[in-house]
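This is input36.cif. It holds mmCIF, C-alpha atoms.
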data_input
loop_
_atom_site.label_atom_id
_atom_site.label_comp_id
_atom_site.auth_asym_id
_atom_site.auth_seq_id
_atom_site.Cartn_x
_atom_site.Cartn_y
_atom_site.Cartn_z
CA MET A 1 0.46 65.51 -60.97
CA GLU A 2 -1.92 62.64 -61.55
CA PRO A 3 -0.77 60.40 -64.40
CA PRO A 4 -3.05 60.11 -67.41
CA VAL A 5 -4.66 56.95 -66.04
CA THR A 6 -7.45 56.90 -68.56
CA GLU A 7 -4.96 56.83 -71.39
CA ILE A 8 -2.94 54.14 -69.68
CA ALA A 9 -5.97 52.05 -68.82
CA LEU A 10 -7.51 52.24 -72.25
CA ALA A 11 -4.35 51.80 -74.28
CA ALA A 12 -4.94 49.08 -76.81
CA ASP A 13 -1.38 47.80 -76.97
CA LEU A 14 -1.37 46.66 -73.34
CA THR A 15 -2.95 43.51 -72.01
CA ARG A 16 -5.77 43.72 -69.54
CA ALA A 17 -3.50 42.76 -66.65
CA GLN A 18 -0.91 45.35 -67.62
CA ARG A 19 -3.54 48.05 -67.90
CA PHE A 20 -4.91 47.10 -64.50
CA ASP A 21 -1.46 47.08 -62.92
CA ALA A 22 -0.91 50.59 -64.23
CA PHE A 23 -4.31 51.61 -62.90
CA VAL A 24 -3.50 50.21 -59.43
CA ALA A 25 -0.10 51.84 -59.36
CA ALA A 26 -1.63 55.21 -60.20
CA HIS A 27 -4.47 55.04 -57.66
CA ARG A 28 -3.20 52.88 -54.82
CA ASP A 29 -1.77 55.51 -52.46
CA ARG A 30 -4.54 57.99 -52.90
CA ALA A 31 -7.23 55.31 -52.50
CA VAL A 32 -5.72 54.01 -49.28
CA ALA A 33 -5.51 57.58 -47.93
CA LEU A 34 -9.14 58.28 -48.81
CA ALA A 35 -10.30 55.04 -47.20
CA TRP A 36 -8.16 55.76 -44.15
CA ARG A 37 -9.80 59.17 -43.72
CA LEU A 38 -13.32 57.89 -44.29
CA LEU A 39 -12.79 55.01 -41.86
CA GLY A 40 -11.44 57.25 -39.12
CA GLY A 41 -7.79 56.26 -39.22
CA ASP A 42 -7.97 52.45 -39.30
CA ARG A 43 -5.01 51.53 -41.52
CA ALA A 44 -5.66 47.79 -41.76
CA ALA A 45 -9.33 48.31 -42.61
CA ALA A 46 -8.38 50.97 -45.15
CA GLU A 47 -6.05 48.57 -46.95
CA ASP A 48 -8.65 45.78 -46.90
CA VAL A 49 -11.37 48.05 -48.22
CA THR A 50 -9.11 49.45 -50.93
CA GLN A 51 -8.13 45.96 -52.00
CA GLN A 52 -11.79 44.91 -52.26
CA ALA A 53 -12.53 48.03 -54.26
CA PHE A 54 -9.70 47.21 -56.67
CA VAL A 55 -11.04 43.66 -57.06
CA LYS A 56 -14.47 45.06 -57.90
CA ALA A 57 -12.87 47.49 -60.34
CA TRP A 58 -11.05 44.57 -62.00
CA ARG A 59 -14.35 42.76 -62.48
CA GLY A 60 -16.10 45.88 -63.77
CA LEU A 61 -13.30 47.34 -65.85
CA ASP A 62 -14.70 45.81 -69.06
CA GLY A 63 -18.02 47.51 -68.39
CA PHE A 64 -16.47 50.96 -67.95
CA ARG A 65 -17.80 53.01 -70.85
CA GLY A 66 -15.85 56.19 -70.28
CA GLU A 67 -18.91 58.27 -69.36
CA ALA A 68 -17.10 59.54 -66.27
CA LYS A 69 -13.44 59.93 -65.39
CA LEU A 70 -11.87 56.63 -64.47
CA SER A 71 -10.77 58.07 -61.12
CA THR A 72 -14.32 59.22 -60.35
CA TRP A 73 -15.65 55.79 -61.27
CA PHE A 74 -13.14 54.05 -59.02
CA HIS A 75 -13.65 56.45 -56.11
CA ARG A 76 -17.35 55.73 -56.27
CA ILE A 77 -16.60 52.02 -55.95
CA LEU A 78 -14.27 52.76 -53.06
CA VAL A 79 -16.84 54.90 -51.20
CA ARG A 80 -19.45 52.18 -51.57
CA GLN A 81 -17.00 49.65 -50.22
CA VAL A 82 -16.26 51.93 -47.24
CA ARG A 83 -19.97 52.27 -46.51
CA SER A 84 -20.44 48.51 -46.77
CA HIS A 85 -17.56 47.99 -44.36
CA GLN A 86 -19.01 50.52 -41.91
CA ARG A 87 -22.44 48.89 -42.04
CA TRP A 88 -20.99 45.45 -41.48
CA HIS A 89 -18.78 46.78 -38.70
CA GLY A 90 -21.80 48.37 -37.05
CA VAL A 91 -23.77 45.13 -37.19
CA ARG A 92 -20.86 43.18 -35.74
CA ASP A 93 -20.44 45.81 -33.05
CA LYS A 94 -24.11 45.57 -32.10
CA LEU A 95 -24.02 41.79 -31.97
CA GLY A 96 -20.85 41.86 -29.87
CA LEU A 97 -18.87 39.81 -32.37
CA LEU A 98 -15.78 42.00 -32.14
CA SER A 99 -13.11 40.82 -29.78
CA LYS A 100 -12.45 43.24 -26.99
CA ASP A 101 -8.69 42.86 -26.92
CA GLY A 102 -7.25 42.02 -30.29
CA GLU A 103 -9.16 44.09 -32.81
CA VAL A 104 -8.68 47.78 -33.38
CA PRO A 105 -12.02 49.53 -32.85
CA GLN A 106 -13.57 51.80 -35.45
CA GLY A 107 -12.05 55.24 -35.42
CA ALA A 108 -8.86 54.24 -33.73
CA ILE A 109 -5.83 56.11 -34.87
CA GLU A 110 -2.16 55.39 -34.64
CA PRO A 111 -0.22 56.30 -31.50
CA PRO A 112 0.36 60.00 -30.89
CA THR A 113 2.89 61.63 -33.13
CA PRO A 114 5.48 64.17 -32.06
CA ASP A 115 3.05 66.95 -32.98
CA GLY A 116 1.78 67.04 -29.41
CA GLY A 117 -1.46 65.14 -30.00
CA MET A 118 -2.64 67.37 -32.79
CA GLN A 119 -3.47 64.39 -34.99
CA GLN A 120 -5.60 62.81 -32.27
CA ARG A 121 -7.47 66.06 -31.68
CA ILE A 122 -8.25 66.40 -35.35
CA ALA A 123 -9.28 62.76 -35.53
CA GLN A 124 -11.65 63.19 -32.61
CA ALA A 125 -13.10 66.28 -34.22
CA MET A 126 -13.65 64.37 -37.43
CA GLN A 127 -15.43 61.66 -35.47
CA THR A 128 -18.03 64.20 -34.38
CA LEU A 129 -19.14 64.58 -38.00
CA SER A 130 -21.85 62.41 -39.46
CA ALA A 131 -20.90 59.98 -42.20
CA GLY A 132 -22.29 62.24 -44.93
CA GLN A 133 -20.53 65.31 -43.53
CA ARG A 134 -17.24 63.46 -43.21
CA GLU A 135 -17.52 62.15 -46.75
CA ALA A 136 -18.27 65.57 -48.20
CA PHE A 137 -15.54 67.34 -46.21
CA THR A 138 -12.94 64.68 -47.01
CA CYS A 139 -13.66 64.56 -50.72
CA ILE A 140 -13.76 68.32 -51.23
CA HIS A 141 -11.31 69.80 -48.74
CA LEU A 142 -8.88 66.93 -48.21
CA GLU A 143 -8.93 65.16 -51.60
CA GLY A 144 -9.47 68.25 -53.72
CA LEU A 145 -12.51 67.08 -55.69
CA THR A 146 -15.05 69.57 -56.95
CA VAL A 147 -18.65 69.59 -55.71
CA GLU A 148 -19.83 67.94 -58.92
CA GLU A 149 -17.17 65.23 -58.73
CA THR A 150 -17.97 64.66 -55.08
CA ALA A 151 -21.67 64.39 -55.87
CA ALA A 152 -20.87 61.80 -58.53
CA VAL A 153 -18.56 59.87 -56.20
CA LEU A 154 -20.96 59.90 -53.26
CA GLY A 155 -24.07 59.33 -55.39
CA ARG A 156 -25.79 62.38 -53.95
CA ALA A 157 -27.16 65.61 -55.34
CA PRO A 158 -24.74 68.57 -55.41
CA GLY A 159 -27.09 70.54 -53.13
CA THR A 160 -26.93 67.77 -50.54
CA VAL A 161 -23.15 67.72 -50.75
CA LYS A 162 -23.00 71.49 -50.22
CA SER A 163 -25.31 71.22 -47.24
CA HIS A 164 -23.18 68.46 -45.69
CA LEU A 165 -20.04 70.48 -46.36
CA HIS A 166 -21.43 73.62 -44.73
CA ARG A 167 -22.46 71.76 -41.57
CA ALA A 168 -19.17 69.88 -41.41
CA LEU A 169 -17.15 73.06 -41.56
CA LYS A 170 -19.37 74.68 -38.92
CA LYS A 171 -18.79 71.75 -36.56
CA LEU A 172 -15.07 71.71 -37.16
CA ARG A 173 -14.83 75.46 -36.46
CA ALA A 174 -16.48 74.85 -33.16
CA GLU A 175 -14.41 71.78 -32.25
CA LEU A 176 -11.06 73.21 -33.34
CA ASN A 177 -11.64 76.87 -32.57
CA ASP A 178 -8.40 77.22 -30.66
CA LEU A 179 -6.42 75.96 -33.66
CA ARG A 180 -8.23 78.39 -35.88
CA GLU A 181 -7.45 81.34 -33.61
CA GLU A 182 -3.89 80.14 -33.20
CA ALA A 183 -3.47 79.95 -36.94
CA ALA A 184 -4.92 83.42 -37.32
CA MET B 1 -11.57 73.67 -52.54
CA ASN B 2 -14.99 75.20 -52.54
CA PRO B 3 -14.52 78.97 -51.87
CA SER B 4 -18.17 79.48 -50.91
CA ASP B 5 -17.59 77.53 -47.66
CA ILE B 6 -14.47 79.34 -46.62
CA ARG B 7 -15.14 82.65 -44.91
CA ASP B 8 -11.59 83.91 -44.37
CA ASP B 9 -7.94 83.01 -44.22
CA ALA B 10 -8.43 81.48 -40.80
CA ASP B 11 -10.75 78.89 -42.33
CA ARG B 12 -8.22 78.21 -45.06
CA ARG B 13 -5.41 77.70 -42.57
CA LEU B 14 -7.61 75.48 -40.40
CA ILE B 15 -8.34 73.27 -43.37
CA ASP B 16 -4.64 73.12 -44.18
CA GLN B 17 -3.91 72.00 -40.62
CA ILE B 18 -6.61 69.34 -40.84
CA ARG B 19 -5.23 68.13 -44.16
CA ARG B 20 -1.75 67.77 -42.70
CA GLY B 21 -2.85 66.35 -39.38
CA TYR B 22 -5.53 63.99 -40.63
CA ALA B 23 -3.46 62.09 -43.19
CA PRO B 24 -2.16 58.55 -43.07
CA PRO B 25 1.56 57.91 -43.17
CA PRO B 26 2.55 57.25 -46.77
CA LEU B 27 2.88 53.69 -47.94
CA THR B 28 6.40 52.36 -48.00
CA GLU B 29 7.73 50.31 -50.88
CA VAL B 30 7.39 47.16 -48.81
CA GLU B 31 3.76 47.97 -48.08
CA ARG B 32 3.10 48.71 -51.75
CA THR B 33 4.65 45.40 -52.80
CA ARG B 34 2.67 43.54 -50.17
CA PHE B 35 -0.52 45.30 -51.20
CA ASP B 36 0.02 44.45 -54.88
CA ALA B 37 0.82 40.81 -54.07
CA ARG B 38 -2.29 40.43 -51.93
CA LEU B 39 -4.43 42.09 -54.59
CA ARG B 40 -3.05 39.84 -57.35
CA ALA B 41 -3.60 36.73 -55.21
CA CYS B 42 -7.16 37.82 -54.42
CA ILE B 43 -7.96 38.41 -58.10
CA GLU B 44 -6.48 35.04 -59.11
CA ARG B 45 -8.44 33.32 -56.35
CA GLN B 46 -11.64 34.96 -57.56
CA GLN B 47 -10.90 33.97 -61.14
CA ARG B 48 -10.29 30.37 -60.11
CA ARG B 49 -13.50 30.39 -58.11
CA ARG B 50 -15.40 31.80 -61.07
CA TRP B 51 -13.99 29.13 -63.40
CA GLY B 52 -14.81 26.53 -60.77
CA LEU B 53 -18.40 27.72 -60.61
CA TRP B 54 -18.61 27.62 -64.42
CA GLY B 55 -17.17 24.11 -64.39
CA LEU B 56 -19.67 23.01 -61.77
CA ALA B 57 -22.54 24.46 -63.77
CA VAL B 58 -21.42 22.79 -67.01
CA THR B 59 -20.80 19.47 -65.24
CA GLY B 60 -24.19 19.63 -63.60
CA ALA B 61 -25.91 20.35 -66.91
CA ALA B 62 -24.05 17.49 -68.62
CA ALA B 63 -24.94 15.12 -65.79
CA ALA B 64 -28.60 16.12 -66.01
CA VAL B 65 -28.63 15.50 -69.79
CA ALA B 66 -26.88 12.13 -69.36
CA LEU B 67 -29.31 11.05 -66.65
CA PHE B 68 -32.23 12.03 -68.84
CA ALA B 69 -30.83 10.12 -71.83
CA LEU B 70 -29.95 7.02 -69.81
CA ARG B 71 -33.06 6.94 -67.69
CA ALA B 72 -34.74 3.53 -67.19
CA PRO B 73 -37.67 2.64 -69.49
CA GLU B 74 -41.22 2.69 -68.21
CA PRO B 75 -41.74 -0.24 -65.80
CA LEU B 76 -43.51 -3.25 -67.38
CA GLY B 77 -44.67 -4.60 -64.08
CA ALA B 78 -43.56 -7.60 -62.07
CA PRO B 79 -43.01 -10.98 -63.82
CA GLY B 80 -46.32 -12.76 -64.30
CA GLU B 81 -48.41 -9.65 -64.25
CA PRO B 82 -50.17 -8.57 -67.43
CA VAL B 83 -48.54 -5.75 -69.37
CA ALA B 84 -50.58 -2.62 -69.13
CA LEU B 85 -51.12 -1.65 -72.75
CA PRO B 86 -52.79 1.62 -73.61
CA ALA B 87 -55.72 -0.15 -75.29
CA MET B 88 -56.29 -2.26 -72.21
CA ALA B 89 -55.91 0.71 -69.98
CA ALA B 90 -58.69 2.39 -71.95
CA ALA B 91 -61.00 -0.65 -71.69
CA PRO B 92 -63.79 -0.57 -69.14
CA ALA B 93 -62.97 -2.19 -65.88
CA LEU B 94 -64.55 -5.60 -65.32
CA ASP B 95 -65.17 -7.29 -62.04
CA ASP B 96 -64.44 -10.91 -62.90
CA ALA B 97 -61.00 -12.45 -63.00
CA SER B 98 -60.78 -12.96 -66.76
CA PRO B 99 -61.75 -9.73 -68.48
CA GLU B 100 -59.83 -10.61 -71.64
CA LEU B 101 -62.12 -13.63 -72.25
CA ASP B 102 -65.18 -11.47 -71.77
CA TRP B 103 -63.86 -9.32 -74.55
CA LEU B 104 -63.76 -12.26 -76.98
CA VAL B 105 -67.02 -14.09 -76.11
CA ASP B 106 -70.05 -12.37 -74.81
CA ASP B 107 -71.78 -15.10 -72.84
CA SER B 108 -75.02 -13.26 -72.45
CA ALA B 109 -75.25 -12.60 -76.22
CA ALA B 110 -74.47 -16.27 -76.97
CA ASP B 111 -77.20 -17.49 -74.69
CA TRP B 112 -79.74 -15.09 -76.11
CA LEU B 113 -78.93 -15.77 -79.78
CA GLY B 114 -78.20 -19.48 -79.49
CA GLY B 115 -74.83 -21.19 -79.46
CA SER B 116 -74.83 -22.02 -83.22
CA THR B 117 -75.15 -18.35 -84.08
CA VAL B 118 -72.03 -17.33 -82.20
CA LEU B 119 -69.87 -20.43 -82.15
CA PRO B 120 -68.55 -21.67 -85.50
CA ALA B 121 -70.25 -24.79 -86.97
CA ASP B 122 -68.43 -28.13 -86.98
CA PRO B 123 -66.80 -28.40 -90.47
CA LEU B 124 -66.84 -32.22 -90.22
CA ALA B 125 -70.53 -32.50 -89.36
CA VAL B 126 -72.71 -34.17 -91.99
CA PRO B 127 -75.46 -31.79 -93.14
CA THR B 128 -78.95 -32.97 -92.37
CA LEU B 129 -81.57 -33.47 -95.05
CA ALA B 130 -83.28 -30.23 -94.17
CA GLN B 131 -79.99 -28.36 -94.46
CA ARG B 132 -79.28 -30.01 -97.82
CA ALA B 133 -82.72 -29.02 -99.09
CA ALA B 134 -82.28 -25.46 -97.94
CA LEU B 135 -78.86 -25.28 -99.58
CA ALA B 136 -80.23 -26.75 -102.80
CA ALA B 137 -83.10 -24.28 -102.86
CA GLU B 138 -80.66 -21.42 -102.31
CA THR B 139 -78.26 -22.49 -105.04
CA GLY B 140 -80.76 -24.06 -107.43
CA ALA B 141 -81.18 -21.06 -109.67
CA ALA B 142 -77.49 -20.66 -110.22
CA ASP B 143 -77.13 -24.34 -110.95
CA ASN B 144 -79.87 -24.27 -113.58
CA GLU B 145 -78.16 -21.44 -115.38
CA ASN B 146 -74.90 -23.30 -115.57
CA ASP B 147 -76.33 -26.70 -116.42
CA ALA B 148 -75.19 -26.70 -120.06
CA GLU B 149 -71.61 -25.84 -119.17
CA ALA B 150 -71.60 -28.32 -116.33
CA ASP B 151 -72.87 -31.11 -118.62
CA ALA B 152 -70.19 -30.38 -121.17
CA GLU B 153 -67.48 -30.50 -118.53
CA THR B 154 -68.91 -33.70 -117.13
CA ASP B 155 -68.86 -35.38 -120.55
CA SER B 156 -65.20 -34.56 -121.13
CA ALA B 157 -64.02 -35.38 -117.58
CA PRO B 158 -63.41 -38.96 -116.39
CA ALA B 159 -66.42 -40.48 -114.69
CA TYR B 160 -64.49 -41.54 -111.69
CA LEU B 161 -61.58 -39.87 -110.04
CA PRO B 162 -59.79 -42.18 -107.63
CA ASP B 163 -59.31 -40.78 -104.24
CA GLU B 164 -56.02 -40.88 -102.38
CA TYR B 165 -56.89 -44.11 -100.61
CA THR B 166 -57.55 -45.90 -103.91
CA VAL B 167 -54.26 -44.68 -105.36
CA LEU B 168 -52.43 -45.77 -102.23
CA ALA B 169 -54.16 -49.13 -102.27
CA GLY B 170 -53.04 -49.72 -105.85
CA LEU B 171 -49.49 -48.94 -104.93
CA ILE B 172 -49.40 -51.38 -102.03
CA ASP B 173 -51.53 -53.97 -103.87
CA ILE B 174 -54.54 -54.33 -101.60
CA GLU B 175 -58.19 -54.25 -102.33
CA PRO B 176 -59.46 -50.72 -102.82
CA TYR B 177 -62.15 -49.66 -100.45
CA ASP B 178 -65.60 -50.13 -101.79
CA PRO B 179 -68.26 -49.13 -99.34
CA TYR B 180 -70.93 -50.90 -101.38
CA ALA B 181 -69.12 -54.24 -101.55
CA GLU B 182 -70.71 -56.75 -99.28
CA ASP B 183 -67.71 -59.00 -98.84
CA TRP B 184 -65.25 -56.24 -98.17
CA PRO B 185 -63.53 -57.06 -94.91
#
Is it possible to express this structure as structure tokens?
Amino acid sequence: MEPPVTEIALAADLTRAQRFDAFVAAHRDRAVALAWRLLGGDRAAAEDVTQQAFVKAWRGLDGFRGEAKLSTWFHRILVRQVRSHQRWHGVRDKLGLLSKDGEVPQGAIEPPTPDGGMQQRIAQAMQTLSAGQREAFTCIHLEGLTVEETAAVLGRAPGTVKSHLHRALKKLRAELNDLREEAA
Amino acid sequence: MNPSDIRDDADRRLIDQIRRGYAPPPLTEVERTRFDARLRACIERQQRRRWGLWGLAVTGAAAAVALFALRAPEPLGAPGEPVALPAMAAAPALDDASPELDWLVDDSAADWLGGSTVLPADPLAVPTLAQRAALAAETGAADNENDAEADAETDSAPAYLPDEYTVLAGLIDIEPYDPYAEDWP
């Protein structure tokens, strides 16, 4: 169960650094997982993006007025940071600034696991989704957010989120139909 | 989970498989410690940079104020050149080499009016007879009015007041100067 981060973060008897440490400890794992999913399985990029999002949250924590849940506020920062990373990665990719040998390309995933390549198949299927569809599917079906929370996190209208979600699920049914039938 | 998107149990199980299969390996304690250390270092670096920027801004503002306060006075010109005063700067430009003299004496006006009109008269010059007559005619009326008082003062005053030369001559025992004496050396 998610700890009462808002209460921890806004407790008056803790210093700002202590409150932020508690905030990081409560959100770190989930934030890295969300960034990892949105970035297509790049662990190093996910940790970098999450760290930058936490730095931005540290700077903006004084301006947080409690109008939204603290987790929603932070996830919105994280999603923006992911998008910024993807844009910058795309520009670098177009300009050919990425090294061909040393750097892990976007969407790379860890070596196959003993599950017989299932993880790679799912990752490839997720790569067929557009960025908006992947964001909506990840937030709602993998992170467990509601449509309204997802709309707030992604900065989109709930109707747009529903539309992205519907198309994402349709694509995944088609890509992973054998898994679906097998599960049935 | 949004039930409106899920048609049947097969969809639900597919999503469960995706959730399990598309998940990063959990962070270990070492990775968590490393992550926290990097984050703390990044925040401290940003804070130092922010303080550095504030320090630079304050130093720059102080330097600008000091330079403004200690700035050199307006240049007076090279040695030997006339100082450009505001009154002179407002004066009309003249072509000749000595405009300041033209300010004091207007040559053309002096020529037209006559030199005696502009230039002061010689205080040691002996007035001519005509000038004495003109002066007497000008002051005659006033003199006539004050004749009685003048006569009274004249009667009470000594007839002859020795001048400085006479007093000095008496002190050094020489003949006083008498311009009417014929045998005076």
Under the rule of at most 12 Å, produce a per-residue listing of stretch 8-96 of chain A near stretch 119-134 of chain A: chain, number, name, the closest pair of atoms, and the distance in Å, as JSON lines, using all atoms listed in the file.
{"residue": "A:Leu34", "atom": "CA", "partner": "A:Arg134", "partner_atom": "CA", "distance": 11.1}
{"residue": "A:Ala35", "atom": "CA", "partner": "A:Arg134", "partner_atom": "CA", "distance": 11.6}
{"residue": "A:Trp36", "atom": "CA", "partner": "A:Ala123", "partner_atom": "CA", "distance": 11.2}
{"residue": "A:Arg37", "atom": "CA", "partner": "A:Arg134", "partner_atom": "CA", "distance": 8.6}
{"residue": "A:Leu38", "atom": "CA", "partner": "A:Arg134", "partner_atom": "CA", "distance": 6.9}
{"residue": "A:Leu39", "atom": "CA", "partner": "A:Ala131", "partner_atom": "CA", "distance": 9.5}
{"residue": "A:Gly40", "atom": "CA", "partner": "A:Ala123", "partner_atom": "CA", "distance": 6.9}
{"residue": "A:Gly41", "atom": "CA", "partner": "A:Ala123", "partner_atom": "CA", "distance": 7.6}
{"residue": "A:Asp42", "atom": "CA", "partner": "A:Ala123", "partner_atom": "CA", "distance": 11.1}
{"residue": "A:Val79", "atom": "CA", "partner": "A:Gly132", "partner_atom": "CA", "distance": 11.1}
{"residue": "A:Val82", "atom": "CA", "partner": "A:Ala131", "partner_atom": "CA", "distance": 10.6}
{"residue": "A:Arg83", "atom": "CA", "partner": "A:Ala131", "partner_atom": "CA", "distance": 8.9}
{"residue": "A:Gln86", "atom": "CA", "partner": "A:Ala131", "partner_atom": "CA", "distance": 9.7}
{"residue": "A:Arg87", "atom": "CA", "partner": "A:Ala131", "partner_atom": "CA", "distance": 11.2}
Handout entry: Resolved residues for the PyMOL selection byres ((chain A) within 8 of (chain B)) as a ChimeraX atom specification
Key = /A:29,33,36-37,41,43,47,51,54-55,58,118-119,122-123,140-142,144-147,165-166,169,173,179-181,183-184
Go ahead and save the picked residues with C-alpha atoms, as an mmCIF file, keeping the file's coordinate frame.
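Printed below is selection-v2.cif as written:
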data_model
loop_
_atom_site.group_PDB
_atom_site.id
_atom_site.type_symbol
_atom_site.label_atom_id
_atom_site.label_comp_id
_atom_site.auth_asym_id
_atom_site.auth_seq_id
_atom_site.Cartn_x
_atom_site.Cartn_y
_atom_site.Cartn_z
ATOM 1 C CA ASP A 29 -1.770 55.510 -52.460
ATOM 2 C CA ALA A 33 -5.510 57.580 -47.930
ATOM 3 C CA TRP A 36 -8.160 55.760 -44.150
ATOM 4 C CA ARG A 37 -9.800 59.170 -43.720
ATOM 5 C CA GLY A 41 -7.790 56.260 -39.220
ATOM 6 C CA ARG A 43 -5.010 51.530 -41.520
ATOM 7 C CA GLU A 47 -6.050 48.570 -46.950
ATOM 8 C CA GLN A 51 -8.130 45.960 -52.000
ATOM 9 C CA PHE A 54 -9.700 47.210 -56.670
ATOM 10 C CA VAL A 55 -11.040 43.660 -57.060
ATOM 11 C CA TRP A 58 -11.050 44.570 -62.000
ATOM 12 C CA MET A 118 -2.640 67.370 -32.790
ATOM 13 C CA GLN A 119 -3.470 64.390 -34.990
ATOM 14 C CA ILE A 122 -8.250 66.400 -35.350
ATOM 15 C CA ALA A 123 -9.280 62.760 -35.530
ATOM 16 C CA ILE A 140 -13.760 68.320 -51.230
ATOM 17 C CA HIS A 141 -11.310 69.800 -48.740
ATOM 18 C CA LEU A 142 -8.880 66.930 -48.210
ATOM 19 C CA GLY A 144 -9.470 68.250 -53.720
ATOM 20 C CA LEU A 145 -12.510 67.080 -55.690
ATOM 21 C CA THR A 146 -15.050 69.570 -56.950
ATOM 22 C CA VAL A 147 -18.650 69.590 -55.710
ATOM 23 C CA LEU A 165 -20.040 70.480 -46.360
ATOM 24 C CA HIS A 166 -21.430 73.620 -44.730
ATOM 25 C CA LEU A 169 -17.150 73.060 -41.560
ATOM 26 C CA ARG A 173 -14.830 75.460 -36.460
ATOM 27 C CA LEU A 179 -6.420 75.960 -33.660
ATOM 28 C CA ARG A 180 -8.230 78.390 -35.880
ATOM 29 C CA GLU A 181 -7.450 81.340 -33.610
ATOM 30 C CA ALA A 183 -3.470 79.950 -36.940
ATOM 31 C CA ALA A 184 -4.920 83.420 -37.320
#
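Comparing the minimum interatomic distances between B:Thr33 and each of A:Ala25, A:Ala31, A:Ala68, A:Leu176, counting only C-alpha atoms, we find that A:Ala25 sits nearest.
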Problem - Pairwise distance for atom CA of A:His85 and atom CA of A:Gly63, rounded to one decimal in Å - result: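 Answer for the atom CA of A:His85 to atom CA of A:Gly63 separation: 24.0 Å.
Between atom CA of A:Ala46 and atom CA of A:Val24 the separation is 15.1 Å.
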Problem - Residues within 9 Å of (-12.3, 48.4, -62.0), file coords, all atoms listed in the file, listed as a PyMOL selection string - result: chain A and resi 20+23+53-64+70+73-74+77
Problem - Length of the atom CA of A:Ser71 to atom CA of A:His27 vector [Å] - result: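 Atom CA of A:His27 lies 7.8 Å from atom CA of A:Ser71.
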Handout entry: Reference answer for the PyMOL selection byres ((chain A and resi 153) around 8), as a list in words
Key =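 Residues picked by the PyMOL selection byres ((chain A and resi 153) around 8): Thr72, Trp73, His75, Arg76, Val79, Glu149, Thr150, Ala151, Ala152, Leu154, Gly155 and Arg156 of chain A.
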